[in-house]
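Trainee: Structure below; questions to follow.
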Amino acid sequence: MKRIVLLAILFAPYLVRAQKFFVEKNDEGCERPIINKLLEKNIKLVFKEDSADYIIKPIINEVRRDKARGYLLITNAKTGEIAAKTEQESAVSTVYNGLQNPKVRVVNKIVDRSLLKTIEGLTK
């Protein structure tokens with residue numbers, strides 16, 4: 001009996017992190033870096049909005065020819081309230097990065113810098 005209680009206490013933090021995330025699709029494929037990072041970190045990802053606890057939306061505010069600014073908005077799927085928001089980032093498309101779509105570069109930058117911190121803040 002003591003072993004069962006000890007195992008339950010040891011694995012409790014892993015059970016709490018069982019939140020399910022849905023990444024909203026975008027017409028330019030900006031959601032791909034988010035999905036890759038969530039799968040890499042073994043965070044539960046669902047492909048139907050109905051079964052998710054949180055919805056991640058890439059919001060791109062300002063787009064120019066070679067520059068974009070945006071952030072990620074995480075909303076509670078059940079209530080529709082804003083659960084978290086990442087800091088706004090900007091990115092420039094240059095020859096050095098292969099003239100990559102600036103919207104995708106912004107999302108890559110946000111994913112690398114602040115997505116995991118924001119998700120950890122939700123699960124605490």
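Each chain in the structure tokens gets a letter, A, B and so on, in the order shown; residues start at 1 in every chain, and ligands are counted from 1 in the order they appear.
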Could I get the residues of range 11-65 of chain A with an atom no further than 8 Å from an atom of range 73-80 of chain A, each paired with its nearest atom pair and that distance in Å to one decimal, using only C-alpha atoms, sorted by chain and residue number, as a tab-separated table?

Mentor:
residue	atom	partner	partner_atom	distance
A:Glu49	CA	A:Ala77	CA	7.6
A:Asp50	CA	A:Ala77	CA	7.7
A:Ala52	CA	A:Ala77	CA	6.3
A:Asp53	CA	A:Ala77	CA	5.3
A:Tyr54	CA	A:Asn76	CA	4.7
A:Ile55	CA	A:Thr75	CA	5.2
A:Ile56	CA	A:Ile74	CA	4.5
A:Lys57	CA	A:Leu73	CA	5.1
A:Pro58	CA	A:Leu73	CA	6.4
A:Ile59	CA	A:Leu73	CA	6.8

Trainee: Take the residues just selected and output them with C-alpha atoms as an mmCIF file, in the first residue's frame.

Mentor:
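As a result, out01.cif now contains:
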data_model
loop_
_atom_site.group_PDB
_atom_site.id
_atom_site.type_symbol
_atom_site.label_atom_id
_atom_site.label_comp_id
_atom_site.auth_asym_id
_atom_site.auth_seq_id
_atom_site.Cartn_x
_atom_site.Cartn_y
_atom_site.Cartn_z
ATOM 1 C CA GLU A 49 -11.264 21.951 -31.403
ATOM 2 C CA ASP A 50 -14.062 20.281 -29.411
ATOM 3 C CA ALA A 52 -9.147 20.676 -26.528
ATOM 4 C CA ASP A 53 -8.670 22.489 -23.230
ATOM 5 C CA TYR A 54 -6.798 25.400 -24.817
ATOM 6 C CA ILE A 55 -6.674 26.872 -28.324
ATOM 7 C CA ILE A 56 -3.478 28.478 -29.635
ATOM 8 C CA LYS A 57 -3.969 31.140 -32.304
ATOM 9 C CA PRO A 58 -1.114 32.854 -34.144
ATOM 10 C CA ILE A 59 -2.056 36.541 -34.454
#

Trainee: Show me, as a ChimeraX atom specification, the residues that have an atom within 6 Å of range 91-98 of chain A when counting only C-alpha atoms, minus same-chain residues fewer than 5 positions from it.

Mentor: /A:66-68,105-106

Trainee: Next, the residues of the selection above should be written as a short mmCIF file (atom, residue, chain, number, x, y, z; two decimals), in the first residue's frame with N, CA and C atoms.

Mentor:
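The file below, part-v5.cif, is the result:
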data_model
loop_
_atom_site.label_atom_id
_atom_site.label_comp_id
_atom_site.auth_asym_id
_atom_site.auth_seq_id
_atom_site.Cartn_x
_atom_site.Cartn_y
_atom_site.Cartn_z
N ASP A 66 8.47 42.78 -46.30
CA ASP A 66 9.50 41.89 -45.78
C ASP A 66 9.57 41.89 -44.25
N LYS A 67 8.54 42.40 -43.57
CA LYS A 67 8.55 42.47 -42.12
C LYS A 67 7.16 42.12 -41.58
N ALA A 68 7.13 41.44 -40.43
CA ALA A 68 5.87 41.09 -39.80
C ALA A 68 6.02 41.18 -38.28
N ARG A 105 8.47 33.34 -39.97
CA ARG A 105 9.64 33.71 -39.15
C ARG A 105 9.21 34.26 -37.79
N VAL A 106 8.14 35.06 -37.77
CA VAL A 106 7.64 35.60 -36.49
C VAL A 106 7.19 34.46 -35.59
#

Trainee: If you count only C-alpha atoms, which residues fall within 8 Å of Lys44 in chain A, apart from same-chain ones fewer than 3 positions away, as a ChimeraX atom specification?

Mentor: /A:18-21,38-39

Trainee: Just the selected residues (C-alpha atoms), exported as a PDB file, in the first residue's frame, please.

Mentor:
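Result written to out_36.pdb:
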ATOM      1  CA  ALA A  18      -2.456  16.554 -19.105  1.00  0.00           C
ATOM      2  CA  GLN A  19      -3.845  19.685 -20.761  1.00  0.00           C
ATOM      3  CA  LYS A  20      -4.815  19.267 -24.401  1.00  0.00           C
ATOM      4  CA  PHE A  21      -3.965  21.953 -26.953  1.00  0.00           C
ATOM      5  CA  LEU A  38       4.453  20.799 -28.941  1.00  0.00           C
ATOM      6  CA  LEU A  39       5.097  17.340 -30.380  1.00  0.00           C
TER       7      LEU A  39
END

Trainee: With only C-alpha atoms as the counted atoms, please give the residues lying no more than 10 Å from Lys48 in chain A, apart from itself and same-chain residues fewer than 3 positions off, as a VMD selection string.

Mentor: chain A and resid 21 to 24 45 51 to 52

Trainee: Go through range 60-104 of chain A and collect every residue that DSSP, computed from the backbone, puts in strand (DSSP E); the answer should be as a ChimeraX atom specification.

Mentor: /A:60-63,67-76,82-85,89-92

Trainee: Just checking: using only C-alpha atoms, which residue out of A:Asn26, A:Thr86, A:Asn101, A:Thr123 ends up closest to Tyr71 in chain A?

Mentor: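 Selected residue with least distance to Tyr71 in chain A: A:Thr86.
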
Trainee: Enter the distance from CA of Arg64 in chain A to CA of Lys103 in chain A, in Å, rounded to one decimal.

Mentor: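 According to the coordinates, CA of Arg64 in chain A and CA of Lys103 in chain A are separated by 9.9 Å.
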
Trainee: For CA of Arg65 in chain A and CA of Asn36 in chain A, determine how far apart the two atoms are, in Å to one decimal place.

Mentor: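 Taking CA of Arg65 in chain A and CA of Asn36 in chain A, their separation equals 26.4 Å.
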
Trainee: Mind pulling up the distance from CA of Ala83 in chain A to CA of Ile60 in chain A?

Mentor: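 CA of Ala83 in chain A lies 18.3 Å from CA of Ile60 in chain A.
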